[in-house]
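A.B. asks: Structure below; questions to follow.
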Amino acid sequence: MDKEILNRQSQHWESSFSSKPEMFGLDPSIAAKKALKIFFDNKVKSIVELGAGLGRDSLFFGENSLQVYSLDYSSTGISSINQKIKKKNLTKLISTKIFDIRKKLPFEDNSVDACFSHMLYCMALTNDELLSLNNEICRILKPKGFNIFTVRSTDDGDYKQGIHRGEDLYENQGFIVHFFSKEKIENLTSGFKNIVMDKFEEGSFPRKLYFVVNKKL
């Protein structure tokens with residue numbers, strides 16, 4: 001595994017966000033809609049979105065009166081979110097930060113109601129980095145707090161296609177994707193109880209994903 005190649009993904013995402021400012025569309029993801037219902041049902045008031053991208057889900061959560069802390073390592077992505085926040089008058093509900101989630105998360109222990117991420121876990125992260133991230137999420141969540149995330153599954157049409165970059169990482173069209181089996185997801189439950197692991201599809205390809213809900217013990 002060449003870590004330098006994995007690290008260069010940040011530059012590729014910057015370029016993609018700059019050239020395709022609405023590359024994911026404007027509508028919230030299927031995962032965000034499913035997550036919002038869980039947040040409402042459990043009286044969640046504030047969330048951290050990890051890997052907020054261009055902000056479509058952060059804006060959706062803010063428009064539904066959640067306090068949102070949006071993190072992404074792309075300055076272009078965060079700049080785009082900030083512009084949308086001002087345009088929609090959501091500055092009191094959504095705050096942003098340029099941040100590399102491979103570092104210690106910028107929140108106190110047991111301070112966050114819930115975390116949400118759509119396909120962040122399947123970025124160019126190694127197994128060890130995923131375990132570290134998952135432990136950090138567990139650290140910052142309040143007891144019985146939720147970590148809701150999605151990952152592309154090993155049933156996806158792109159799995160084992162393109163350039164193999166080590167572990168379950170494959171590069172297609174410049175993007176490195178980490179693919180997940182059910183067993184790999186189950187390995188990320190230390191400190192949590194898994195309460196949902198549902199398969200779903202998104203996009204015209206379609207991408208095949210898991211929708212995962214873990215609740216802190």
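How things are named: the first chain in the structure tokens is A, the next is B, and so on; residues count from 1 in each chain; ligands count from 1 in the order shown.
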Any idea what's packed within 7 Å of Leu54 in chain A, counting only C-alpha atoms, ignoring anything in its chain fewer than 5 positions away? Could you give it as a short mmCIF file (atom, residue, chain, number, x, y, z; two decimals) with N, CA and C atoms, in the first residue's frame?

C.D. replies:
```cif
data_model
loop_
_atom_site.label_atom_id
_atom_site.label_comp_id
_atom_site.auth_asym_id
_atom_site.auth_seq_id
_atom_site.Cartn_x
_atom_site.Cartn_y
_atom_site.Cartn_z
N GLY A 77 -14.83 22.63 -0.61
CA GLY A 77 -16.12 22.14 -0.12
C GLY A 77 -16.66 23.00 1.01
N ILE A 78 -15.80 23.32 1.98
CA ILE A 78 -16.23 24.15 3.12
C ILE A 78 -16.62 25.55 2.66
N SER A 80 -17.89 26.33 -0.22
CA SER A 80 -19.18 26.19 -0.88
C SER A 80 -20.30 26.09 0.16
N ILE A 81 -20.06 25.31 1.22
CA ILE A 81 -21.07 25.18 2.27
C ILE A 81 -21.34 26.53 2.93
#
```

A.B. asks: Enumerate the residues of range 47-165 of chain A with a DSSP assignment of strand (DSSP E or B), computed from the backbone, and present them as number ranges by chain.

C.D. replies: A: 47-50, 67-72, 94-98, 112-118, 141-153, 163-164

A.B. asks: Once you have the residues from the selection above, write them out as a compact mmCIF listing (two decimals), in the first residue's frame, restricted to N, CA and C atoms.

C.D. replies:
```
# COMPACT_ATOMS: atom_id res chain seq x y z
N ILE A 47 -25.76 17.49 15.75
CA ILE A 47 -24.99 16.41 15.12
C ILE A 47 -23.68 16.95 14.55
N VAL A 48 -22.76 16.04 14.36
CA VAL A 48 -21.53 16.33 13.62
C VAL A 48 -21.60 15.57 12.31
N GLU A 49 -21.47 16.30 11.19
CA GLU A 49 -21.34 15.60 9.91
C GLU A 49 -19.88 15.54 9.53
N LEU A 50 -19.38 14.33 9.36
CA LEU A 50 -17.98 14.09 9.00
C LEU A 50 -17.89 13.84 7.50
N GLN A 67 -28.84 21.44 15.05
CA GLN A 67 -27.57 22.15 15.12
C GLN A 67 -26.52 21.26 14.47
N VAL A 68 -25.83 21.77 13.46
CA VAL A 68 -24.93 20.94 12.66
C VAL A 68 -23.51 21.50 12.71
N TYR A 69 -22.55 20.60 12.95
CA TYR A 69 -21.13 20.94 12.88
C TYR A 69 -20.56 20.14 11.71
N SER A 70 -20.19 20.85 10.65
CA SER A 70 -19.79 20.20 9.39
C SER A 70 -18.28 20.22 9.23
N LEU A 71 -17.68 19.05 9.09
CA LEU A 71 -16.24 18.94 8.90
C LEU A 71 -15.94 18.34 7.53
N ASP A 72 -14.92 18.88 6.87
CA ASP A 72 -14.42 18.29 5.62
C ASP A 72 -13.00 18.78 5.40
N ILE A 94 -25.71 26.05 11.40
CA ILE A 94 -24.64 25.25 10.80
C ILE A 94 -23.31 25.98 10.93
N SER A 95 -22.32 25.30 11.49
CA SER A 95 -20.96 25.82 11.54
C SER A 95 -20.04 24.83 10.83
N THR A 96 -18.93 25.32 10.31
CA THR A 96 -18.05 24.49 9.48
C THR A 96 -16.61 24.57 9.96
N LYS A 97 -15.85 23.56 9.55
CA LYS A 97 -14.42 23.54 9.87
C LYS A 97 -13.69 22.69 8.84
N ILE A 98 -12.59 23.21 8.31
CA ILE A 98 -11.72 22.41 7.45
C ILE A 98 -10.94 21.48 8.37
N VAL A 112 -21.27 14.97 22.14
CA VAL A 112 -22.00 15.05 20.88
C VAL A 112 -23.18 14.09 20.89
N ASP A 113 -24.34 14.57 20.44
CA ASP A 113 -25.54 13.72 20.39
C ASP A 113 -25.42 12.61 19.34
N ALA A 114 -24.91 12.97 18.15
CA ALA A 114 -24.87 12.00 17.05
C ALA A 114 -23.85 12.43 16.00
N CYS A 115 -23.34 11.46 15.29
CA CYS A 115 -22.47 11.71 14.13
C CYS A 115 -23.12 11.10 12.90
N PHE A 116 -22.93 11.77 11.77
CA PHE A 116 -23.46 11.28 10.49
C PHE A 116 -22.37 11.42 9.44
N SER A 117 -22.26 10.41 8.60
CA SER A 117 -21.35 10.52 7.45
C SER A 117 -21.87 9.65 6.31
N HIS A 118 -21.90 10.23 5.13
CA HIS A 118 -22.36 9.51 3.94
C HIS A 118 -21.16 9.21 3.06
N LEU A 141 -19.01 10.93 21.35
CA LEU A 141 -20.46 10.74 21.50
C LEU A 141 -20.86 10.64 22.97
N LYS A 142 -22.02 11.18 23.27
CA LYS A 142 -22.61 10.98 24.59
C LYS A 142 -23.02 9.51 24.72
N PRO A 143 -23.12 8.99 25.94
CA PRO A 143 -23.66 7.63 26.11
C PRO A 143 -25.01 7.50 25.41
N LYS A 144 -25.17 6.42 24.67
CA LYS A 144 -26.37 6.14 23.86
C LYS A 144 -26.49 7.07 22.64
N GLY A 145 -25.39 7.76 22.33
CA GLY A 145 -25.36 8.59 21.12
C GLY A 145 -25.26 7.72 19.88
N PHE A 146 -25.62 8.28 18.73
CA PHE A 146 -25.68 7.52 17.48
C PHE A 146 -24.54 7.86 16.53
N ASN A 147 -23.99 6.83 15.92
CA ASN A 147 -23.10 7.01 14.77
C ASN A 147 -23.79 6.38 13.57
N ILE A 148 -24.22 7.22 12.64
CA ILE A 148 -24.91 6.74 11.43
C ILE A 148 -23.99 6.99 10.25
N PHE A 149 -23.69 5.94 9.50
CA PHE A 149 -22.80 6.09 8.35
C PHE A 149 -23.19 5.14 7.23
N THR A 150 -22.73 5.46 6.04
CA THR A 150 -22.94 4.59 4.88
C THR A 150 -21.60 4.21 4.27
N VAL A 151 -21.55 3.05 3.67
CA VAL A 151 -20.35 2.59 2.98
C VAL A 151 -20.76 1.84 1.71
N ARG A 152 -19.91 1.88 0.73
CA ARG A 152 -20.14 1.06 -0.46
C ARG A 152 -19.77 -0.38 -0.14
N SER A 153 -20.58 -1.30 -0.60
CA SER A 153 -20.42 -2.70 -0.22
C SER A 153 -19.60 -3.47 -1.24
N ILE A 163 -7.64 0.00 -10.29
CA ILE A 163 -6.32 -0.25 -9.72
C ILE A 163 -6.46 -0.61 -8.24
N HIS A 164 -5.92 -1.75 -7.86
CA HIS A 164 -5.96 -2.16 -6.46
C HIS A 164 -4.92 -1.36 -5.69
```

A.B. asks: With only C-alpha atoms as the atoms that count, which of A:Gly51, A:Asn82, A:Asn64, A:Gly157 lies nearest to Leu120 in chain A?

C.D. replies: A:Gly51

A.B. asks: With only C-alpha atoms as the atoms that count, which of A:Asn214, A:Ser18, A:Asn187, A:Ser111 lies nearest to Asn127 in chain A?

C.D. replies: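 Comparing A:Asn214, A:Ser18, A:Asn187, A:Ser111 against Asn127 in chain A, the winner is A:Asn187.
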
A.B. asks: Between CA of Glu183 in chain A and CA of Ala32 in chain A, what distance in Å does the model show, to one decimal?

C.D. replies: 23.7 Å

A.B. asks: Taking only range 15-176 of chain A into account, list the residues labelled alpha helix (DSSP H) by DSSP (computed from the backbone), as a VMD selection string.

C.D. replies: chain A and resid 15 to 19 30 to 41 56 to 63 75 to 87 127 to 140

A.B. asks: From the set A:Thr76, A:Ser65, A:Asn7, A:Thr189, which residue has the shortest atom-to-atom contact distance to Glu22 in chain A, counting only C-alpha atoms?

C.D. replies: A:Thr76

A.B. asks: Work out how far CA of Glu201 in chain A is from CA of Thr154 in chain A, in Å to one decimal.

C.D. replies: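 It comes out at 12.7 Å.
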
A.B. asks: Enter the distance from CA of Arg56 in chain A to CA of Ala31 in chain A, in Å, rounded to one decimal.

C.D. replies: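 Calculated distance between CA of Arg56 in chain A and CA of Ala31 in chain A is 11.6 Å.
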
A.B. asks: Do you know which residues are at most 12 Å from Leu26 in chain A counting only C-alpha atoms, after dropping those on the same chain fewer than 5 positions away, and could you put them as a VMD selection string?

C.D. replies: chain A and resid 21 53 to 60 81 84

A.B. asks: Pull C-alpha atoms from the residues just selected and write them as an mmCIF file, in the first residue's frame.

C.D. replies:
```
data_model
loop_
_atom_site.group_PDB
_atom_site.id
_atom_site.type_symbol
_atom_site.label_atom_id
_atom_site.label_comp_id
_atom_site.auth_asym_id
_atom_site.auth_seq_id
_atom_site.Cartn_x
_atom_site.Cartn_y
_atom_site.Cartn_z
ATOM 1 C CA PRO A 21 -19.532 22.498 -7.737
ATOM 2 C CA GLY A 53 -18.543 17.470 0.970
ATOM 3 C CA LEU A 54 -20.490 20.254 -0.714
ATOM 4 C CA GLY A 55 -23.055 20.425 2.058
ATOM 5 C CA ARG A 56 -26.278 18.988 0.676
ATOM 6 C CA ASP A 57 -26.910 16.906 3.811
ATOM 7 C CA SER A 58 -25.676 19.524 6.272
ATOM 8 C CA LEU A 59 -28.097 22.019 4.759
ATOM 9 C CA PHE A 60 -30.920 19.478 4.924
ATOM 10 C CA ILE A 81 -21.071 25.176 2.273
ATOM 11 C CA LYS A 84 -24.990 28.209 0.929
#
```

A.B. asks: Using only C-alpha atoms, which of A:Gln11, A:Gln83, A:Ser190, A:Asn42 sits nearest Ser132 in chain A?

C.D. replies: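 When distances to Ser132 in chain A are compared using only C-alpha atoms, the smallest one comes from A:Ser190.
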
A.B. asks: So which one's closest to Ile101 in chain A, A:Ser204, A:Asn135, A:Asn194, A:Gln173? Using only C-alpha atoms, please.

C.D. replies: A:Asn135
